[in-house]
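Listing of final.cif; format and content: mmCIF, C-alpha atoms.
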```
data_protein
loop_
_atom_site.label_atom_id
_atom_site.label_comp_id
_atom_site.auth_asym_id
_atom_site.auth_seq_id
_atom_site.Cartn_x
_atom_site.Cartn_y
_atom_site.Cartn_z
CA MET A 1 6.16 14.25 51.39
CA LYS A 2 6.06 16.87 48.62
CA LYS A 3 9.48 15.76 47.43
CA LEU A 4 8.39 12.10 47.25
CA LEU A 5 5.28 13.05 45.28
CA TYR A 6 7.40 15.14 42.89
CA ILE A 7 9.79 12.22 42.26
CA LEU A 8 6.87 9.85 41.69
CA VAL A 9 5.35 12.22 39.12
CA LEU A 10 8.69 12.49 37.31
CA VAL A 11 9.18 8.71 37.18
CA VAL A 12 5.66 8.07 35.88
CA GLY A 13 6.04 10.90 33.37
CA PHE A 14 9.27 9.44 31.98
CA GLN A 15 7.69 6.00 31.65
CA PHE A 16 4.76 7.34 29.63
CA SER A 17 7.08 9.56 27.59
CA GLY A 18 9.24 6.57 26.63
CA LYS A 19 6.24 4.53 25.53
CA SER A 20 4.89 7.44 23.51
CA GLN A 21 8.19 7.98 21.73
CA ASN A 22 8.47 4.26 21.01
CA CYS A 23 4.95 4.20 19.54
CA ASP A 24 5.62 7.35 17.52
CA SER A 25 8.70 5.79 15.92
CA LEU A 26 6.54 2.85 14.80
CA VAL A 27 4.34 5.26 12.81
CA THR A 28 7.37 6.20 10.71
CA ILE A 29 8.08 2.53 10.05
CA CYS A 30 4.48 1.92 8.94
CA GLU A 31 4.58 4.99 6.71
CA SER A 32 7.64 3.57 4.97
CA TYR A 33 5.61 0.42 4.14
CA LEU A 34 2.96 2.58 2.46
CA ASN A 35 5.55 4.12 0.13
CA LEU A 36 7.90 1.36 -0.96
CA LYS A 37 10.50 1.83 -3.66
CA ASP A 38 8.66 -0.63 -5.90
CA GLY A 39 6.60 2.24 -7.28
CA SER A 40 3.46 1.53 -5.26
CA LEU A 41 2.04 4.56 -3.50
CA PHE A 42 -0.60 4.21 -0.83
CA VAL A 43 -2.15 7.19 0.94
CA SER A 44 -2.99 6.78 4.62
CA ASP A 45 -6.66 6.96 5.59
CA GLY A 46 -5.54 9.57 8.13
CA GLN A 47 -5.90 7.33 11.18
CA VAL A 48 -3.10 5.97 13.35
CA TYR A 49 -4.20 2.77 15.06
CA GLN A 50 -2.13 2.04 18.18
CA ALA A 51 -2.29 -0.08 21.29
CA PHE A 52 0.07 -1.28 23.98
CA LEU A 53 -0.35 -5.06 24.09
CA THR A 54 0.71 -8.03 26.16
CA GLU A 55 -1.40 -11.16 25.74
CA GLU A 56 -4.63 -9.47 24.67
CA ALA A 57 -5.67 -8.27 21.21
CA ALA A 58 -6.72 -4.80 20.07
CA GLU A 59 -9.64 -4.32 17.70
CA PHE A 60 -10.29 -1.38 15.40
CA GLU A 61 -13.45 -0.76 13.37
CA THR A 62 -13.11 0.51 9.80
CA THR A 63 -14.97 0.75 6.50
CA LEU A 64 -13.27 -0.41 3.31
CA TYR A 65 -14.84 0.97 0.13
CA GLY A 66 -15.61 -1.16 -2.90
CA GLY A 67 -13.37 -0.83 -5.94
CA SER A 68 -10.38 0.32 -3.85
CA THR A 69 -7.03 -1.35 -3.29
CA TYR A 70 -5.77 -1.14 0.29
CA ARG A 71 -2.55 -1.83 2.13
CA VAL A 72 -2.53 -2.65 5.83
CA ALA A 73 0.88 -1.93 7.36
CA THR A 74 1.83 -2.93 10.91
CA SER A 75 4.82 -2.66 13.19
CA ALA A 76 5.84 -3.50 16.73
CA GLY A 77 9.57 -3.05 16.10
CA THR A 78 12.15 -3.17 13.36
CA LYS A 79 13.77 -6.57 13.89
CA ASP A 80 11.02 -9.04 13.10
CA ASN A 81 7.41 -9.63 12.04
CA PHE A 82 5.94 -9.28 15.52
CA VAL A 83 2.34 -8.38 14.63
CA ILE A 84 -0.47 -10.73 13.64
CA PHE A 85 -3.39 -8.91 12.05
CA SER A 86 -6.72 -10.25 10.91
CA ILE A 87 -9.50 -8.61 8.94
CA ILE A 88 -12.88 -9.81 10.20
CA ASP A 89 -16.33 -9.14 8.71
CA GLN A 90 -19.44 -8.25 10.70
CA GLU A 91 -20.44 -11.91 10.99
CA GLY A 92 -17.10 -12.82 12.59
CA ASN A 93 -15.58 -14.47 9.50
CA VAL A 94 -11.83 -14.01 9.11
CA LEU A 95 -11.37 -12.60 5.61
CA PHE A 96 -7.59 -12.40 5.85
CA THR A 97 -4.85 -12.99 8.38
CA ASN A 98 -1.14 -12.42 7.88
CA GLU A 99 -0.46 -15.27 10.29
CA LYS A 100 -0.69 -17.61 7.27
CA HIS A 101 1.93 -15.46 5.52
CA LYS A 102 4.75 -15.44 8.09
CA ASN A 103 3.28 -12.36 9.81
CA ALA A 104 3.92 -10.18 6.76
CA LYS A 105 4.50 -6.55 7.81
CA TYR A 106 2.07 -5.30 5.17
CA TRP A 107 -0.47 -6.76 2.79
CA ASP A 108 -2.31 -5.43 -0.26
CA PHE A 109 -5.85 -6.40 -1.16
CA LYS A 110 -8.67 -5.17 -3.38
CA VAL A 111 -12.16 -4.76 -1.99
CA GLU A 112 -14.93 -5.56 -4.49
CA SER A 113 -17.81 -4.09 -2.47
CA THR A 114 -17.94 -1.77 0.53
CA LEU A 115 -17.26 -3.62 3.75
CA ASN A 116 -17.64 -2.66 7.41
CA CYS A 117 -15.12 -4.73 9.30
CA ARG A 118 -12.75 -4.83 12.21
CA VAL A 119 -9.05 -5.34 12.21
CA GLU A 120 -7.65 -7.33 15.10
CA LEU A 121 -4.02 -6.80 16.12
CA LYS A 122 -2.08 -9.03 18.45
CA LEU A 123 1.54 -9.81 19.15
CA ASP A 124 3.10 -13.07 18.08
CA LEU A 125 3.94 -14.11 21.63
CA GLU A 126 6.67 -16.47 20.43
CA ARG A 127 8.55 -13.41 19.13
CA LYS A 128 7.57 -10.56 21.46
CA SER A 129 5.72 -10.63 24.79
CA SER A 130 4.63 -6.99 25.08
CA GLY A 131 4.90 -3.62 23.44
CA CYS A 132 3.33 -0.95 21.35
CA VAL A 133 1.67 -2.02 18.11
CA THR A 134 0.94 0.43 15.29
CA MET A 135 -1.14 0.00 12.14
CA LEU A 136 -1.81 2.24 9.18
CA ILE A 137 -4.35 1.57 6.45
CA GLY A 138 -3.64 3.13 3.09
CA PHE A 139 -5.49 3.16 -0.21
CA LYS A 140 -3.78 3.02 -3.60
CA LYS A 141 -3.37 6.40 -5.22
#
```
How does this structure look as structure tokens?
Amino acid sequence: MKKLLYILVLVVGFQFSGKSQNCDSLVTICESYLNLKDGSLFVSDGQVYQAFLTEEAAEFETTLYGGSTYRVATSAGTKDNFVIFSIIDQEGNVLFTNEKHKNAKYWDFKVESTLNCRVELKLDLERKSSGCVTMLIGFKK
């Protein structure tokens, strides 16, 4: 019985470890989108937004400050634009979605006045059915 329990713990541990490593590698990809070779430099807000998704969406609350230029960078893998993200105001209005821009991996925008909003992340189910999704929000330095 002890041996069976030990094996079960090992198997579960390896599964969580694999998902964690996969999610961690996506952070590096998102960081590369904040510092492109085009001369733009965006500094992360210090938060790493992550979720393991299937058909559902993940929502993250954030405040964007007026007069700042931001970049939202997302990843769910290196091969394609798997992530659909939408910026939604407190009244539920979609202010931006990358779905209208071929699921762009990152997008820059300037905020005129301070805005409390939520960012919704979901997988484009035609391209990927499940996996870890990572987002970073950076502001222009």
* Looking at only C-alpha atoms, which of A:Ser75, A:Ala57, A:Phe109, A:Cys132 is the one that sits closest to A:Tyr33? ->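 The shortest atom-to-atom distance to A:Tyr33 comes from A:Ser75.
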* Using atom CA of A:Gly66 and atom CA of A:Leu115 as the two end points, give the distance in Å to one decimal. =>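 We find that atom CA of A:Gly66 and atom CA of A:Leu115 lie 7.3 Å from each other.
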* Selected residue of minimal separation from A:Leu36 among A:Ala73, A:Glu61, A:Gln50, A:Leu95, counting only C-alpha atoms ->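 Using only C-alpha atoms, A:Leu36 sits closest to A:Ala73.
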With the PyMOL selection byres ((chain A and resi 97) around 7) as the selection, what would be picked from this file? Answer as an mmCIF file with C-alpha atoms, in the frame of the given file, please.
```cif
data_model
loop_
_atom_site.group_PDB
_atom_site.id
_atom_site.type_symbol
_atom_site.label_atom_id
_atom_site.label_comp_id
_atom_site.auth_asym_id
_atom_site.auth_seq_id
_atom_site.Cartn_x
_atom_site.Cartn_y
_atom_site.Cartn_z
ATOM 1 C CA PHE A 85 -3.390 -8.910 12.050
ATOM 2 C CA SER A 86 -6.720 -10.250 10.910
ATOM 3 C CA ILE A 87 -9.500 -8.610 8.940
ATOM 4 C CA PHE A 96 -7.590 -12.400 5.850
ATOM 5 C CA ASN A 98 -1.140 -12.420 7.880
ATOM 6 C CA GLU A 99 -0.460 -15.270 10.290
ATOM 7 C CA LYS A 100 -0.690 -17.610 7.270
#
```
Run through the PyMOL selection byres ((chain A and resi 59) around 7) on the given coordinates and return the selected residues as an mmCIF file with C-alpha atoms, in the frame of the given file.
```cif
data_model
loop_
_atom_site.group_PDB
_atom_site.id
_atom_site.type_symbol
_atom_site.label_atom_id
_atom_site.label_comp_id
_atom_site.auth_asym_id
_atom_site.auth_seq_id
_atom_site.Cartn_x
_atom_site.Cartn_y
_atom_site.Cartn_z
ATOM 1 C CA ALA A 57 -5.670 -8.270 21.210
ATOM 2 C CA ALA A 58 -6.720 -4.800 20.070
ATOM 3 C CA PHE A 60 -10.290 -1.380 15.400
ATOM 4 C CA GLU A 61 -13.450 -0.760 13.370
ATOM 5 C CA ARG A 118 -12.750 -4.830 12.210
ATOM 6 C CA VAL A 119 -9.050 -5.340 12.210
ATOM 7 C CA GLU A 120 -7.650 -7.330 15.100
ATOM 8 C CA LEU A 121 -4.020 -6.800 16.120
#
```
* Taking into account only C-alpha atoms, which residue in the set A:Leu136, A:Leu64, A:Ala51, A:Leu125 is nearest to A:Ser32? ->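 Checking each candidate against A:Ser32, we get A:Leu136 as the closest.
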* All residues 7 Å or closer to A:Leu26, all atoms listed in the file, same chain fewer than 2 positions away omitted, as a ChimeraX atom specification -> /A:22-24,28-30,75-77,134
* **Evaluate the PyMOL selection byres ((chain A and resi 130) around 8) and report residues as a count of residues only** => 10
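A straight line drawn from atom CA of A:Ser40 to atom CA of A:Trp107 is 12.2 Å long.
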* Extract, using only C-alpha atoms, all DNA, RNA and protein residues at most 6 Å from A:Phe139, discarding same-chain residues fewer than 3 positions from it, and format them as a ChimeraX atom specification. => /A:42-43,69-70
* Asked: So which residues touch A:Thr62 within 12 Å, counting all atoms listed in the file, skipping near sequence neighbours fewer than 6 positions away, as a PyMOL selection string?
  -> chain A and resi 45-49+72+87-90+114-120+136-138
* **Atom pair atom CA of A:Arg71 / atom CA of A:Lys140: separation (Å)** =>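 Taking atom CA of A:Arg71 and atom CA of A:Lys140, their separation equals 7.6 Å.
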Can you fill out stretch 96-114 of chain A with N, CA and C atoms and hand it back as a PDB file, keeping the file's coordinate frame?
```
ATOM      1  N   PHE A  96      -9.027 -12.305   6.110  1.00  0.00           N
ATOM      2  CA  PHE A  96      -7.590 -12.400   5.850  1.00  0.00           C
ATOM      3  C   PHE A  96      -6.862 -12.358   7.178  1.00  0.00           C
ATOM      4  N   THR A  97      -5.771 -13.103   7.260  1.00  0.00           N
ATOM      5  CA  THR A  97      -4.850 -12.990   8.380  1.00  0.00           C
ATOM      6  C   THR A  97      -3.435 -13.155   7.845  1.00  0.00           C
ATOM      7  N   ASN A  98      -2.529 -12.310   8.308  1.00  0.00           N
ATOM      8  CA  ASN A  98      -1.140 -12.420   7.880  1.00  0.00           C
ATOM      9  C   ASN A  98      -0.406 -13.554   8.584  1.00  0.00           C
ATOM     10  N   GLU A  99      -1.065 -14.161   9.553  1.00  0.00           N
ATOM     11  CA  GLU A  99      -0.460 -15.270  10.290  1.00  0.00           C
ATOM     12  C   GLU A  99      -0.131 -16.424   9.333  1.00  0.00           C
ATOM     13  N   LYS A 100      -0.918 -16.556   8.270  1.00  0.00           N
ATOM     14  CA  LYS A 100      -0.690 -17.610   7.270  1.00  0.00           C
ATOM     15  C   LYS A 100       0.381 -17.205   6.259  1.00  0.00           C
ATOM     16  N   HIS A 101       0.925 -15.999   6.433  1.00  0.00           N
ATOM     17  CA  HIS A 101       1.930 -15.460   5.520  1.00  0.00           C
ATOM     18  C   HIS A 101       3.146 -14.960   6.291  1.00  0.00           C
ATOM     19  N   LYS A 102       3.568 -15.746   7.278  1.00  0.00           N
ATOM     20  CA  LYS A 102       4.750 -15.440   8.090  1.00  0.00           C
ATOM     21  C   LYS A 102       4.685 -14.052   8.737  1.00  0.00           C
ATOM     22  N   ASN A 103       3.484 -13.659   9.149  1.00  0.00           N
ATOM     23  CA  ASN A 103       3.280 -12.360   9.810  1.00  0.00           C
ATOM     24  C   ASN A 103       3.796 -11.205   8.957  1.00  0.00           C
ATOM     25  N   ALA A 104       3.462 -11.230   7.676  1.00  0.00           N
ATOM     26  CA  ALA A 104       3.920 -10.180   6.760  1.00  0.00           C
ATOM     27  C   ALA A 104       3.654  -8.799   7.359  1.00  0.00           C
ATOM     28  N   LYS A 105       4.596  -7.885   7.212  1.00  0.00           N
ATOM     29  CA  LYS A 105       4.500  -6.550   7.810  1.00  0.00           C
ATOM     30  C   LYS A 105       3.433  -5.704   7.127  1.00  0.00           C
ATOM     31  N   TYR A 106       3.130  -6.012   5.890  1.00  0.00           N
ATOM     32  CA  TYR A 106       2.070  -5.300   5.170  1.00  0.00           C
ATOM     33  C   TYR A 106       1.456  -6.258   4.166  1.00  0.00           C
ATOM     34  N   TRP A 107       0.230  -5.925   3.756  1.00  0.00           N
ATOM     35  CA  TRP A 107      -0.470  -6.760   2.790  1.00  0.00           C
ATOM     36  C   TRP A 107      -1.403  -5.888   1.960  1.00  0.00           C
ATOM     37  N   ASP A 108      -1.438  -6.154   0.656  1.00  0.00           N
ATOM     38  CA  ASP A 108      -2.310  -5.430  -0.260  1.00  0.00           C
ATOM     39  C   ASP A 108      -3.513  -6.295  -0.611  1.00  0.00           C
ATOM     40  N   PHE A 109      -4.662  -5.676  -0.743  1.00  0.00           N
ATOM     41  CA  PHE A 109      -5.850  -6.400  -1.160  1.00  0.00           C
ATOM     42  C   PHE A 109      -6.847  -5.445  -1.782  1.00  0.00           C
ATOM     43  N   LYS A 110      -7.643  -5.973  -2.712  1.00  0.00           N
ATOM     44  CA  LYS A 110      -8.670  -5.170  -3.380  1.00  0.00           C
ATOM     45  C   LYS A 110     -10.019  -5.552  -2.801  1.00  0.00           C
ATOM     46  N   VAL A 111     -10.832  -4.548  -2.549  1.00  0.00           N
ATOM     47  CA  VAL A 111     -12.160  -4.760  -1.990  1.00  0.00           C
ATOM     48  C   VAL A 111     -13.163  -4.576  -3.128  1.00  0.00           C
ATOM     49  N   GLU A 112     -13.959  -5.610  -3.385  1.00  0.00           N
ATOM     50  CA  GLU A 112     -14.930  -5.560  -4.490  1.00  0.00           C
ATOM     51  C   GLU A 112     -16.154  -4.726  -4.131  1.00  0.00           C
ATOM     52  N   SER A 113     -16.647  -4.884  -2.902  1.00  0.00           N
ATOM     53  CA  SER A 113     -17.810  -4.090  -2.470  1.00  0.00           C
ATOM     54  C   SER A 113     -17.532  -3.545  -1.073  1.00  0.00           C
ATOM     55  N   THR A 114     -18.169  -2.438  -0.745  1.00  0.00           N
ATOM     56  CA  THR A 114     -17.940  -1.770   0.530  1.00  0.00           C
ATOM     57  C   THR A 114     -18.171  -2.728   1.688  1.00  0.00           C
TER      58      THR A 114
END
```
